[in-house]
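Here is the structure we will look at, set down as structure tokens.
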Amino acid sequence: MTSTIEVGAELEPVTQTATLTTSVMYAGASGDLNPLHYDEGFASQVSPTGGIIAHGMFSMGLVSRALTAFAGGPERVVEVAVRFTRPWPLGTTSTFGGKVTDVSDGVATVSLWGDTEDGTRILRGTGRIRV
Amino acid sequence: MALNQDKVGTTYPPYTYEVTRAKIHEYAVALGETDPRYLSDGDDCAAPPTFAACFTVIRGGAALFADPDLGTHPALVHGSQRYVYGERPLRPGDVLECTPRIADISTRGANEMLTVEVACRFQDTGEPAVTSEGVIVFLGSAPTDDAEEGAA
């Protein structure tokens with residue numbers, strides 16, 4: 001990475017559409033087989049949106065991907081913490097990014113976010129990376 | 001039904017998890033990762049940070065959900081998640097010893113928040129590998145005013 005890690009520096013955003021394919025792949029990879037994330041009939045009964053929603057952990061994985069690329073690799077990531085603020089409905093596209101808010105004692109603090117295309121904030125959080 | 005506050009601090013028996021190259025590869029592909037180390041067949045292979053989801057989220061909560069005294073119920077959502085990492089990323093062949101613990105139970109409005117901590121250490125050195133802190137929100141499970149009056 002060539003980014004300078006200083007206060008105000010921004011992550012290269014990651015943009016992803018949530019689809020049945022991404023959901024099934026994440027379910028298999030992570031072992032979280034909750035049918036809320038791929039079964040339309042099940043989701044219609046229990047989902048807060050009435051439809052299938054992506055795994056919260058999929059959204060965390062994507063914002064962590066942006067953070068880790070910015071940091072220069074997984075060995076530089078000290079902490080990732082997020083709150084899942086709204087569901088991410090299948091068929092919608094979200095963008096994940098962040099901005100450095102502090103650099104001290106060799107650690108940069110990065111505010112993290114994920115927004116759907118209509119501006120709904122589905123995730124916010126904080127990362128800490130070694131600089 | 002309310003969660004049992006007396007369970008805060010309860011530690012459940014540890015389980016082990018062995019990191020494999022194939023699982024790292026599968027997880028990285030699911031996230032659309034492009035760092036070649038995640039997909040490497042060589043000694044440089046390492047796992048992306050949230051790979052820890054594979055052995056902390058479902059597996060970490062399993063012991064708690066099997067505890068009949070905790071009072072869990074199925075109307076739940078994953079409210080937040082935090083990972084704190086050790087000195088190096090996970091690599092193929094790492095064997096982790098993972099210990100789940102109920103770190104906190106709190107009430108917010110009609111909901112209850114259960115904080116599940118899973119402390120994962122490298123089995124060979126005992127050094128911390130990653131600690132997971134997940135908050136599970138139980139919808140509508142908080143004690144009602146009526147129940148509190150009834151108890152008083």
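Residues in the structure tokens are numbered from 1 in each chain, the chains being A, B, ... in the order shown, and ligands are numbered from 1 in the order shown.
If we count only C-alpha atoms, these residues of chain B sit within 8 Å of chain A: Lys23, Glu26, Tyr27, Ala30, Leu31, Glu33, Ala46, Ala47, Pro48, Pro49, Thr50, Phe51, Ala53, Cys54, Phe55, Val57, Ile58, His78, Gly79, Ser80, Gln81, Arg82, Tyr83, Val84, Tyr85, Gly86, Glu87, Arg88 and Pro89 of chain B.
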Chain A: residues DSSP assigns to alpha helix (DSSP H), reported as a PyMOL selection string: chain A and resi 20-30+40-46+56-71
Strand (DSSP E or B) call set, DSSP backbone run, region 24-140 of chain B, as a count of residues only: 47
